[in-house]
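S.K.: Contents of target-v6.csv (CSV, C-alpha atoms and all ligand atoms):
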chain,number,residue,atom,x,y,z
A,4,MET,CA,125.1,150.6,78.2
A,5,SER,CA,125.6,148.7,75.0
A,6,LYS,CA,125.4,150.5,71.7
A,7,VAL,CA,125.5,149.2,68.2
A,8,THR,CA,125.7,151.2,64.9
A,9,VAL,CA,124.5,149.7,61.7
A,10,VAL,CA,125.7,151.7,58.6
A,11,GLY,CA,123.5,151.4,55.6
A,12,ALA,CA,119.7,151.5,56.2
A,13,GLY,CA,118.9,149.5,53.1
A,14,ASN,CA,117.5,146.0,53.0
A,15,VAL,CA,120.3,144.2,55.0
A,16,GLY,CA,121.0,147.1,57.4
A,17,ALA,CA,117.4,147.8,58.4
A,18,THR,CA,116.8,144.0,58.8
A,19,CYS,CA,119.8,143.7,61.1
A,20,ALA,CA,118.7,146.7,63.2
A,21,ASP,CA,115.2,145.2,63.5
A,22,VAL,CA,116.5,141.9,64.6
A,23,LEU,CA,118.9,143.5,67.1
A,24,ALA,CA,116.0,145.6,68.6
A,25,TYR,CA,113.6,142.7,68.6
A,26,ARG,CA,116.1,140.4,70.4
A,27,GLU,CA,117.1,143.3,72.7
A,28,VAL,CA,120.8,142.7,71.9
A,29,ALA,CA,121.7,146.3,72.6
A,30,GLU,CA,120.2,149.2,74.5
A,31,GLU,CA,120.8,151.6,71.7
A,32,ILE,CA,120.9,150.9,68.0
A,33,VAL,CA,122.0,153.7,65.6
A,34,LEU,CA,121.1,153.3,62.0
A,35,VAL,CA,123.1,155.5,59.5
A,36,ASP,CA,122.6,156.2,55.8
A,37,ILE,CA,123.7,158.7,53.3
A,38,LYS,CA,120.2,159.1,51.8
A,39,GLU,CA,118.4,161.9,53.6
A,40,GLY,CA,115.8,160.7,56.1
A,41,ILE,CA,115.8,157.0,55.3
A,42,ALA,CA,117.7,156.0,58.5
A,43,GLU,CA,115.6,158.2,60.7
A,44,GLY,CA,112.4,156.9,59.1
A,45,LYS,CA,113.3,153.2,59.5
A,46,ALA,CA,114.7,153.7,63.0
A,47,LEU,CA,111.4,155.4,64.0
A,48,ASP,CA,109.4,152.6,62.3
A,49,ILE,CA,111.3,149.9,64.3
A,50,TRP,CA,110.9,151.9,67.5
A,51,GLN,CA,107.1,152.2,66.9
A,52,LYS,CA,107.0,148.4,66.6
A,53,ALA,CA,108.4,148.1,70.2
A,54,PRO,CA,105.0,148.3,72.0
A,55,ILE,CA,103.6,145.6,69.7
A,56,ASN,CA,106.6,143.2,69.8
A,57,GLN,CA,107.5,144.1,73.4
A,58,TYR,CA,111.1,145.2,73.4
A,59,ASP,CA,113.0,148.1,75.0
A,60,SER,CA,115.9,148.6,72.6
A,61,ARG,CA,115.9,152.1,71.3
A,62,THR,CA,116.6,152.7,67.6
A,63,VAL,CA,117.9,156.0,66.4
A,64,GLY,CA,118.5,157.2,62.8
A,65,SER,CA,121.1,159.5,61.3
A,66,THR,CA,121.7,160.9,57.9
A,67,ASN,CA,125.5,160.8,57.8
A,68,ASP,CA,126.0,162.4,61.2
A,69,TYR,CA,128.5,160.1,62.8
A,70,SER,CA,128.6,162.0,66.1
A,71,LYS,CA,125.4,160.0,66.9
A,72,THR,CA,127.4,156.8,66.6
A,73,ALA,CA,130.0,157.8,69.2
A,74,ASN,CA,131.2,155.1,71.6
A,75,SER,CA,129.5,152.2,69.8
A,76,ASP,CA,130.6,148.8,71.0
A,77,VAL,CA,130.0,147.1,67.7
A,78,VAL,CA,129.5,148.6,64.2
A,79,VAL,CA,128.0,146.6,61.3
A,80,ILE,CA,128.8,148.0,57.8
A,81,THR,CA,126.2,147.1,55.2
A,82,SER,CA,126.5,150.3,53.1
A,83,GLY,CA,127.2,149.7,49.4
A,84,LEU,CA,125.6,148.5,46.2
A,85,PRO,CA,124.0,145.1,46.1
A,86,ARG,CA,124.4,143.1,42.8
A,87,LYS,CA,121.8,142.8,40.1
A,88,PRO,CA,121.2,139.7,38.0
A,89,GLY,CA,124.1,138.9,35.7
A,90,MET,CA,126.7,140.5,38.1
A,91,THR,CA,129.2,138.8,40.4
A,92,ARG,CA,129.9,140.1,43.9
A,93,ASP,CA,133.4,141.1,42.7
A,94,ASP,CA,131.8,143.5,40.1
A,95,LEU,CA,130.9,145.7,43.1
A,96,ILE,CA,134.5,146.3,44.2
A,97,GLU,CA,135.2,149.7,42.9
A,98,THR,CA,132.1,151.5,44.2
A,99,ASN,CA,131.9,149.6,47.5
A,100,ALA,CA,135.6,149.9,48.4
A,101,GLY,CA,135.2,153.7,48.3
A,102,ILE,CA,132.0,153.5,50.4
A,103,VAL,CA,133.5,151.1,53.0
A,104,LYS,CA,136.7,153.2,53.2
A,105,SER,CA,134.9,156.5,54.0
A,106,VAL,CA,132.4,154.8,56.3
A,107,THR,CA,135.2,153.2,58.3
A,108,GLU,CA,137.1,156.5,58.6
A,109,ASN,CA,134.0,158.1,60.1
A,110,ILE,CA,133.3,155.2,62.4
A,111,ILE,CA,136.8,155.1,63.8
A,112,LYS,CA,136.7,158.8,64.5
A,113,TYR,CA,133.9,158.4,66.9
A,114,SER,CA,134.3,154.8,68.1
A,115,PRO,CA,138.0,154.0,68.1
A,116,ASN,CA,137.6,150.8,70.0
A,117,ALA,CA,134.6,149.3,68.3
A,118,ILE,CA,134.5,145.8,66.8
A,119,ILE,CA,133.6,146.1,63.1
A,120,ILE,CA,131.5,143.5,61.3
A,121,VAL,CA,131.6,144.0,57.5
A,122,VAL,CA,128.7,142.8,55.4
A,123,SER,CA,129.2,144.8,52.1
A,124,ASN,CA,130.4,142.8,49.1
A,125,PRO,CA,132.7,141.5,47.8
A,126,LEU,CA,132.8,140.5,51.5
A,127,ASP,CA,136.3,139.2,52.0
A,128,VAL,CA,137.9,142.1,50.2
A,129,MET,CA,135.7,144.7,51.9
A,130,THR,CA,136.8,143.2,55.2
A,131,TYR,CA,140.4,143.8,54.0
A,132,GLN,CA,139.5,147.4,53.1
A,133,ALA,CA,137.9,148.1,56.6
A,134,HIS,CA,140.8,146.4,58.3
A,135,LEU,CA,143.4,148.6,56.5
A,136,THR,CA,141.4,151.8,57.0
A,137,SER,CA,140.6,151.2,60.7
A,138,GLY,CA,144.1,150.1,61.8
A,139,LEU,CA,142.4,147.9,64.4
A,140,PRO,CA,143.7,144.4,65.2
A,141,ARG,CA,142.5,141.7,62.8
A,142,THR,CA,140.4,140.1,65.6
A,143,LYS,CA,138.2,143.2,65.7
A,144,VAL,CA,137.6,143.7,62.0
A,145,ILE,CA,135.7,140.7,60.7
A,146,GLY,CA,133.3,139.7,57.9
A,147,MET,CA,129.9,138.1,57.9
A,148,ALA,CA,129.3,135.5,55.3
A,149,GLY,CA,129.8,132.1,56.9
A,150,ILE,CA,126.8,132.1,59.1
A,151,LEU,CA,124.6,133.0,56.1
A,152,ASP,CA,126.2,130.4,53.8
A,153,THR,CA,126.0,127.7,56.5
A,154,ALA,CA,122.4,128.6,57.2
A,155,ARG,CA,121.5,128.1,53.5
A,156,TYR,CA,123.3,124.7,53.6
A,157,ARG,CA,121.5,123.8,56.8
A,158,ALA,CA,118.1,124.9,55.4
A,159,PHE,CA,118.6,122.8,52.3
A,160,LEU,CA,119.6,119.8,54.4
A,161,ALA,CA,116.7,120.2,56.8
A,162,GLU,CA,114.4,120.2,53.7
A,163,GLU,CA,116.0,117.1,52.3
A,164,LEU,CA,115.8,115.2,55.6
A,165,ASN,CA,112.4,116.7,56.7
A,166,VAL,CA,113.9,117.6,60.1
A,167,SER,CA,114.2,120.9,62.0
A,168,GLY,CA,117.0,123.2,60.7
A,169,LYS,CA,118.1,123.5,64.3
A,170,GLU,CA,119.4,120.0,64.3
A,171,ILE,CA,121.8,120.6,61.5
A,172,GLN,CA,125.3,121.6,62.6
A,173,ALA,CA,127.8,122.5,59.9
A,174,ILE,CA,131.0,124.3,59.1
A,175,LEU,CA,131.9,125.9,55.8
A,176,MET,CA,135.1,127.7,54.9
A,177,GLY,CA,136.7,129.9,52.3
A,178,GLY,CA,135.7,133.1,50.5
A,179,HIS,CA,132.1,134.3,50.2
A,180,GLY,CA,131.7,133.4,46.6
A,181,ASP,CA,131.3,130.4,44.3
A,182,THR,CA,134.6,128.9,45.6
A,183,MET,CA,133.3,128.6,49.2
A,184,VAL,CA,134.0,125.2,50.8
A,185,PRO,CA,131.1,123.5,52.6
A,186,LEU,CA,132.5,120.6,54.6
A,187,PRO,CA,130.3,117.5,54.7
A,188,ARG,CA,132.9,115.7,56.9
A,189,TYR,CA,132.1,118.3,59.6
A,190,THR,CA,128.3,118.3,59.1
A,191,THR,CA,126.0,116.5,61.5
A,192,VAL,CA,122.3,116.0,62.2
A,193,ALA,CA,121.9,116.0,65.9
A,194,GLY,CA,125.4,114.4,66.1
A,195,ILE,CA,124.8,111.9,63.3
A,196,PRO,CA,127.3,112.4,60.4
A,197,VAL,CA,125.3,113.7,57.4
A,198,THR,CA,127.0,111.2,55.1
A,199,GLU,CA,125.1,108.4,56.9
A,200,LEU,CA,121.7,110.1,56.2
A,201,VAL,CA,122.0,111.7,52.8
A,202,ALA,CA,123.2,110.0,49.6
A,203,LYS,CA,126.3,111.4,48.0
A,204,ASP,CA,124.6,112.6,44.8
A,205,LYS,CA,122.0,114.5,46.9
A,206,LEU,CA,124.6,115.9,49.2
A,207,ASP,CA,126.7,117.1,46.2
A,208,ALA,CA,123.6,118.8,44.7
A,209,ILE,CA,122.9,120.6,48.0
A,210,ILE,CA,126.6,121.7,48.2
A,211,GLU,CA,126.4,123.1,44.7
A,212,ARG,CA,123.1,124.9,45.5
A,213,THR,CA,124.7,126.4,48.6
A,214,LYS,CA,127.7,127.8,46.7
A,215,PHE,CA,125.3,129.7,44.4
A,216,GLY,CA,122.7,130.4,47.1
A,217,GLY,CA,123.2,134.2,46.9
A,218,GLY,CA,122.8,134.1,43.1
A,219,GLU,CA,119.6,132.0,43.3
A,220,LEU,CA,118.0,134.9,45.3
A,221,VAL,CA,119.4,137.6,43.0
A,222,LYS,CA,117.8,135.9,40.1
A,223,LEU,CA,114.5,135.6,41.8
A,224,MET,CA,114.3,139.2,43.2
A,225,GLY,CA,116.5,141.3,41.0
A,226,THR,CA,118.6,142.3,44.0
A,227,SER,CA,120.3,140.3,46.7
A,228,ALA,CA,118.9,138.7,49.9
A,229,TRP,CA,118.4,140.5,53.2
A,230,TYR,CA,116.4,138.6,55.8
A,231,ALA,CA,119.0,135.8,56.4
A,232,PRO,CA,122.0,138.2,55.9
A,233,GLY,CA,120.6,140.8,58.4
A,234,SER,CA,119.8,138.1,60.9
A,235,ALA,CA,123.3,136.5,60.5
A,236,ALA,CA,125.0,139.8,61.2
A,237,ALA,CA,122.8,140.4,64.2
A,238,GLN,CA,123.7,136.9,65.5
A,239,MET,CA,127.4,137.9,65.4
A,240,VAL,CA,126.7,141.1,67.3
A,241,GLU,CA,124.8,139.1,69.9
A,242,ALA,CA,127.7,136.7,70.3
A,243,ILE,CA,130.1,139.6,70.9
A,244,LEU,CA,128.0,141.7,73.2
A,245,LYS,CA,126.8,138.8,75.3
A,246,ASN,CA,130.3,137.2,75.2
A,247,GLN,CA,128.7,133.9,74.1
A,248,ARG,CA,131.9,132.4,72.7
A,249,ARG,CA,129.9,130.8,69.9
A,250,VAL,CA,131.6,128.8,67.2
A,251,PHE,CA,130.8,130.3,63.7
A,252,PRO,CA,132.6,130.6,60.4
A,253,VAL,CA,133.7,134.2,60.2
A,254,CYS,CA,136.0,136.1,57.7
A,255,ILE,CA,139.3,137.2,59.2
A,256,LYS,CA,142.8,137.9,57.9
A,257,LEU,CA,144.7,134.7,58.2
A,258,GLU,CA,148.2,135.0,59.5
A,259,GLY,CA,149.6,131.5,59.1
A,260,GLU,CA,146.5,129.5,60.1
A,261,TYR,CA,145.8,126.7,57.6
A,262,GLY,CA,149.2,127.5,56.1
A,263,ILE,CA,147.8,130.7,54.7
A,264,ASP,CA,149.2,134.1,55.2
A,265,ASP,CA,147.9,137.5,54.4
A,266,CYS,CA,144.5,136.5,53.0
A,267,TYR,CA,140.9,137.2,54.3
A,268,LEU,CA,138.9,134.0,54.4
A,269,GLY,CA,136.1,132.4,56.3
A,270,VAL,CA,137.2,130.0,59.0
A,271,PRO,CA,135.7,128.5,62.2
A,272,VAL,CA,136.3,130.8,65.1
A,273,ILE,CA,135.2,131.4,68.7
A,274,LEU,CA,133.3,134.7,68.8
A,275,GLY,CA,133.2,136.6,72.1
A,276,LYS,CA,133.5,140.0,73.8
A,277,ASN,CA,136.9,140.7,72.1
A,278,GLY,CA,135.7,139.8,68.6
A,279,ILE,CA,137.5,136.7,67.4
A,280,GLU,CA,138.8,135.0,70.5
A,281,LYS,CA,140.4,132.1,68.7
A,282,VAL,CA,140.7,130.7,65.2
A,283,ILE,CA,139.9,127.0,65.2
A,284,GLU,CA,142.3,125.0,63.0
A,285,LEU,CA,140.7,121.8,61.5
A,286,ASP,CA,142.8,119.0,60.3
A,287,LEU,CA,141.7,119.2,56.7
A,288,ASN,CA,142.2,116.3,54.3
A,289,ALA,CA,143.9,116.7,50.9
A,290,GLU,CA,140.7,117.3,49.0
A,291,GLU,CA,139.5,119.9,51.5
A,292,LYS,CA,142.9,121.6,51.4
A,293,ALA,CA,142.8,121.8,47.6
A,294,LEU,CA,139.3,123.4,47.7
A,295,LEU,CA,140.4,125.9,50.3
A,296,GLU,CA,143.5,126.8,48.2
A,297,THR,CA,141.3,127.5,45.2
A,298,SER,CA,139.2,129.8,47.3
A,299,ARG,CA,142.3,131.5,48.7
A,300,GLY,CA,143.6,132.0,45.1
A,301,HIS,CA,140.4,133.7,44.1
A,302,VAL,CA,140.1,136.0,47.1
A,303,LYS,CA,143.8,137.0,46.7
A,304,GLU,CA,143.1,138.0,43.0
A,305,VAL,CA,140.3,140.3,44.2
A,306,MET,CA,142.5,141.6,47.0
A,307,ASN,CA,145.1,142.5,44.3
A,308,VAL,CA,142.4,144.4,42.4
A,309,LEU,CA,141.8,146.5,45.6
A,310,ASP,CA,145.6,147.1,45.9
A,311,LYS,CA,145.6,148.4,42.3
A,312,LEU,CA,142.7,150.7,43.0
A,313,GLY,CA,144.8,152.3,45.7
A,314,LYS,CA,142.7,151.4,48.7
B,401,LIG,N1,128.1,139.4,53.3
B,401,LIG,C1,127.0,138.9,52.9
B,401,LIG,O1,126.7,137.7,53.1
B,401,LIG,C2,126.0,139.7,52.2
B,401,LIG,C3,126.3,140.9,51.7
B,401,LIG,N2,125.4,141.7,51.1
B,401,LIG,C4,125.9,143.0,50.7
B,401,LIG,O2,125.4,144.0,51.6
B,401,LIG,C5,125.4,145.3,50.9
B,401,LIG,C6,124.0,146.0,51.2
B,401,LIG,O3,123.0,145.2,50.5
B,401,LIG,P1,121.5,145.8,50.6
B,401,LIG,O4,121.2,146.2,52.0
B,401,LIG,O5,120.6,144.8,50.0
B,401,LIG,O6,121.6,147.0,49.7
B,401,LIG,P2,120.6,148.3,49.7
B,401,LIG,O7,120.8,149.0,48.4
B,401,LIG,O8,119.2,147.9,50.1
B,401,LIG,O9,121.2,149.2,50.9
B,401,LIG,C7,122.4,149.8,50.9
B,401,LIG,C8,122.3,151.1,51.6
B,401,LIG,O10,123.7,151.7,51.7
B,401,LIG,C9,123.5,153.1,51.6
B,401,LIG,N3,124.8,153.7,51.4
B,401,LIG,C10,125.4,153.9,50.2
B,401,LIG,N4,126.5,154.6,50.4
B,401,LIG,C11,126.6,154.9,51.7
B,401,LIG,C12,127.5,155.7,52.5
B,401,LIG,N5,128.6,156.2,52.0
B,401,LIG,N6,127.2,155.8,53.8
B,401,LIG,C13,126.1,155.3,54.3
B,401,LIG,N7,125.2,154.6,53.6
B,401,LIG,C14,125.4,154.4,52.3
B,401,LIG,C15,122.5,153.3,50.5
B,401,LIG,O11,121.9,154.6,50.6
B,401,LIG,C16,121.5,152.1,50.9
B,401,LIG,O12,120.4,152.6,51.7
B,401,LIG,C17,125.6,145.0,49.4
B,401,LIG,O13,127.0,145.3,49.1
B,401,LIG,C18,125.4,143.5,49.3
B,401,LIG,O14,126.1,142.9,48.3
B,401,LIG,C19,124.1,141.4,51.0
B,401,LIG,C20,123.7,140.2,51.4
B,401,LIG,C21,124.6,139.2,52.1
B,402,LIG,O1,124.5,137.3,46.6
B,402,LIG,C1,124.7,138.5,46.9
B,402,LIG,O2,125.1,139.3,46.1
B,402,LIG,C2,124.5,138.9,48.3
B,402,LIG,C3,125.2,137.9,49.1
B,402,LIG,O3,126.4,137.9,49.4
B,402,LIG,C4,124.4,136.7,49.5
B,402,LIG,O4,123.2,136.7,49.6
B,402,LIG,O5,125.1,135.7,49.7
Turn the structure described in the file into structure tokens.

M.R.:
Amino acid sequence: MSKVTVVGAGNVGATCADVLAYREVAEEIVLVDIKEGIAEGKALDIWQKAPINQYDSRTVGSTNDYSKTANSDVVVITSGLPRKPGMTRDDLIETNAGIVKSVTENIIKYSPNAIIIVVSNPLDVMTYQAHLTSGLPRTKVIGMAGILDTARYRAFLAEELNVSGKEIQAILMGGHGDTMVPLPRYTTVAGIPVTELVAKDKLDAIIERTKFGGGELVKLMGTSAWYAPGSAAAQMVEAILKNQRRVFPVCIKLEGEYGIDDCYLGVPVILGKNGIEKVIELDLNAEEKALLETSRGHVKEVMNVLDKLGK
């Protein structure tokens, strides 16, 4: 029987649990939150939607009782503060590091072999925190950002070209922040290089909009996004539980790949039943390498802040 725990029953966590149930990705989905009753309530609401939307996945809620999460195959960590207008993701580090650390300790106690997908921000450094606390191999403690950032990029391109978003294939690398690196050289529309279809100035504008895609939504809503983020995390869970070996950009600790050591960054990987099955190394050109290096430098600075906080 497959079991998934989603920690944090807020906007992203509840959306993720809902998508997991609706798509019948797991038989049991446990939603956990620290706020009394909220996880139980949202789990019950999703379960009551099953007869309408015709699914059999069972959602269960828990207020901080991790015994209910025992033997989860995959755990998604969404607990933590979202940012407000005027804040960067990095501003969340102090509060969210403490939350991610305590949540990871509880998870590991009851599901020592789970694959952990981190969503809380600042994403790359919260993945670092969960990796350190869990003691699991790097291939099993991974971060969700690349699927979301790529989806934004794909949606903007679909709009520009007036084609289905399904036709856009793209890869994006680096940290989940303004230094992320969309790669037009690896972007196609049904196999056609995007550079043959979109003028350079338009493509540059779409890349800029993608980099600040999270901030655009924070400005509009006063808090950050959840539909696309929750769905993106659920897509990672599905790839793992169904051993789909899908190719996604995922955050992992790099150990020599791309000439980078000891830094958590988004890179293309094959995602399957063991978590990250393989990191795909692209032959980047000089400009792409320079952009990735800038992103690495930024993430490393925030990792150093975490080190100073005492992890
Ligand atoms: N990686 C990514 O691409 C994205 C990351 N995020 C991040 O995801 C996180 C969650 O965002 P939202 O769901 O919008 O926030 P939210 O405020 O709606 O939900 C967060 C939930 O976490 C719970 N929580 C806090 N401390 C907890 C603890 N110790 N144990 C269990 N639950 C706890 C809160 O009670 C709340 O229900 C934020 O850090 C946000 O920045 C959001 C969107 C995309
Ligand atoms: O922007 C934020 O703070 C939340 C997030 O990571 C995103 O939506 O990309």

S.K.: Figure out the distance between atom C1 of ligand LIG 401 (chain B) and atom CA of Lys87 of chain A, please, to one decimal in Å.

M.R.: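 It comes out at 14.4 Å.
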
S.K.: Kindly indicate which residue among A:Thr142, A:Gln172, A:Asn277, A:Ser123 lies nearest to ligand LIG 401 (chain B), using only C-alpha atoms and all ligand atoms for the distances.

M.R.: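 The shortest atom-to-atom distance to ligand LIG 401 (chain B) comes from A:Ser123.
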
S.K.: Hey, which bits of chain A sit within 8 Å of ligand LIG 402 (chain B), and for each residue what's the closest pair of atoms and how far apart in Å (one decimal), counting all atoms listed in the file, rows by chain and increasing number, as JSON lines?

M.R.:
{"residue": "A:Pro85", "atom": "CA", "partner": "B:LIG402", "partner_atom": "O2", "distance": 5.9}
{"residue": "A:Arg86", "atom": "CA", "partner": "B:LIG402", "partner_atom": "O2", "distance": 5.1}
{"residue": "A:Lys87", "atom": "CA", "partner": "B:LIG402", "partner_atom": "O2", "distance": 7.7}
{"residue": "A:Thr91", "atom": "CA", "partner": "B:LIG402", "partner_atom": "O2", "distance": 7.0}
{"residue": "A:Arg92", "atom": "CA", "partner": "B:LIG402", "partner_atom": "O2", "distance": 5.3}
{"residue": "A:Ser123", "atom": "CA", "partner": "B:LIG402", "partner_atom": "O3", "distance": 7.9}
{"residue": "A:Asn124", "atom": "CA", "partner": "B:LIG402", "partner_atom": "O3", "distance": 6.3}
{"residue": "A:Pro125", "atom": "CA", "partner": "B:LIG402", "partner_atom": "O3", "distance": 7.4}
{"residue": "A:Leu126", "atom": "CA", "partner": "B:LIG402", "partner_atom": "O3", "distance": 7.2}
{"residue": "A:Ala148", "atom": "CA", "partner": "B:LIG402", "partner_atom": "O3", "distance": 7.0}
{"residue": "A:Leu151", "atom": "CA", "partner": "B:LIG402", "partner_atom": "O5", "distance": 7.0}
{"residue": "A:Asp152", "atom": "CA", "partner": "B:LIG402", "partner_atom": "O5", "distance": 6.8}
{"residue": "A:His179", "atom": "CA", "partner": "B:LIG402", "partner_atom": "O3", "distance": 6.8}
{"residue": "A:Gly180", "atom": "CA", "partner": "B:LIG402", "partner_atom": "O3", "distance": 7.5}
{"residue": "A:Phe215", "atom": "CA", "partner": "B:LIG402", "partner_atom": "O1", "distance": 8.0}
{"residue": "A:Gly216", "atom": "CA", "partner": "B:LIG402", "partner_atom": "O5", "distance": 6.4}
{"residue": "A:Gly217", "atom": "CA", "partner": "B:LIG402", "partner_atom": "O1", "distance": 3.4}
{"residue": "A:Gly218", "atom": "CA", "partner": "B:LIG402", "partner_atom": "O1", "distance": 5.0}
{"residue": "A:Glu219", "atom": "CA", "partner": "B:LIG402", "partner_atom": "O1", "distance": 7.9}
{"residue": "A:Leu220", "atom": "CA", "partner": "B:LIG402", "partner_atom": "O4", "distance": 7.0}
{"residue": "A:Val221", "atom": "CA", "partner": "B:LIG402", "partner_atom": "O1", "distance": 6.2}
{"residue": "A:Thr226", "atom": "CA", "partner": "B:LIG402", "partner_atom": "O2", "distance": 7.5}
{"residue": "A:Ser227", "atom": "CA", "partner": "B:LIG402", "partner_atom": "C2", "distance": 4.7}
{"residue": "A:Ala228", "atom": "CA", "partner": "B:LIG402", "partner_atom": "O4", "distance": 4.8}
{"residue": "A:Trp229", "atom": "CA", "partner": "B:LIG402", "partner_atom": "O4", "distance": 7.1}
{"residue": "A:Pro232", "atom": "CA", "partner": "B:LIG402", "partner_atom": "O4", "distance": 6.6}

S.K.: Just want the 10 Å neighbourhood of Val272 of chain A, counted on all atoms listed in the file, with same-chain residues fewer than 5 positions away dropped. Output as an NGL selection string.

M.R.: :A and (248-255 or 278-284)

S.K.: How many Å separate atom CA of Arg188 of chain A from atom CA of Asp265 of chain A?

M.R.: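 Interatomic distance, atom CA of Arg188 of chain A to atom CA of Asp265 of chain A: 26.6 Å.
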
S.K.: Could you tell me how far atom CA of Gly138 of chain A lies from atom CA of Val302 of chain A, in Å and to one decimal?

M.R.: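 According to the coordinates, atom CA of Gly138 of chain A and atom CA of Val302 of chain A are separated by 20.8 Å.
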
S.K.: Please return, as a list in words, all polymer residues that have at least one atom within 12 Å of the point (140.7, 119.7, 49.9); use all atoms listed in the file and the file's own coordinate frame.

M.R.: Met176, Gly177, Thr182, Met183, Val184, Pro185, Leu186, Pro187, Arg188, Tyr261, Leu285, Asp286, Leu287, Asn288, Ala289, Glu290, Glu291, Lys292, Ala293, Leu294, Leu295, Glu296, Thr297, Ser298 and Arg299 of chain A

S.K.: I need the residue nearest Val106 of chain A from this list: A:Ile195, A:Val121, A:Ala12, A:Ile80. Use only C-alpha atoms for the distance.

M.R.: A:Ile80

S.K.: What's the 10 Å shell around Glu163 of chain A, counting all atoms listed in the file, without same-chain residues fewer than 5 positions away, as an mmCIF file with C-alpha atoms, keeping the file's coordinate frame?

M.R.:
data_model
loop_
_atom_site.group_PDB
_atom_site.id
_atom_site.type_symbol
_atom_site.label_atom_id
_atom_site.label_comp_id
_atom_site.auth_asym_id
_atom_site.auth_seq_id
_atom_site.Cartn_x
_atom_site.Cartn_y
_atom_site.Cartn_z
ATOM 1 C CA ARG A 157 121.500 123.800 56.800
ATOM 2 C CA ALA A 158 118.100 124.900 55.400
ATOM 3 C CA LEU A 200 121.700 110.100 56.200
ATOM 4 C CA VAL A 201 122.000 111.700 52.800
ATOM 5 C CA LYS A 205 122.000 114.500 46.900
ATOM 6 C CA LEU A 206 124.600 115.900 49.200
ATOM 7 C CA ILE A 209 122.900 120.600 48.000
#

S.K.: Within 9 Å of segment 67-78 of chain A, counting all atoms listed in the file, which residues qualify if same-chain residues fewer than 2 places away don't, as an NGL selection string?

M.R.: :A and (5-10 or 31-39 or 63-65 or 80 or 109-110 or 112-121 or 240 or 243-244)

S.K.: If you count all atoms listed in the file, which residues fall within 10 Å of Gln247 of chain A, apart from same-chain ones fewer than 4 positions away, as an mmCIF file with C-alpha atoms, in the coordinates of the input?

M.R.:
data_model
loop_
_atom_site.group_PDB
_atom_site.id
_atom_site.type_symbol
_atom_site.label_atom_id
_atom_site.label_comp_id
_atom_site.auth_asym_id
_atom_site.auth_seq_id
_atom_site.Cartn_x
_atom_site.Cartn_y
_atom_site.Cartn_z
ATOM 1 C CA MET A 239 127.400 137.900 65.400
ATOM 2 C CA GLU A 241 124.800 139.100 69.900
ATOM 3 C CA ALA A 242 127.700 136.700 70.300
ATOM 4 C CA ILE A 243 130.100 139.600 70.900
ATOM 5 C CA ILE A 273 135.200 131.400 68.700
ATOM 6 C CA LEU A 274 133.300 134.700 68.800
ATOM 7 C CA GLY A 275 133.200 136.600 72.100
ATOM 8 C CA LYS A 276 133.500 140.000 73.800
#

S.K.: Under the rule that all atoms listed in the file are counted, which of A:Ala20, A:Ala53, A:Ala29, A:Val15 is the nearest residue to Thr81 of chain A?

M.R.: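 When distances to Thr81 of chain A are compared using all atoms listed in the file, the smallest one comes from A:Val15.
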
S.K.: Using only C-alpha atoms and all ligand atoms, find the one residue out of A:Ser234, A:Thr198, A:Asn56, A:Thr136 that sits nearest to ligand LIG 401 (chain B).

M.R.: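 Result for the nearest residue to ligand LIG 401 (chain B): A:Ser234.
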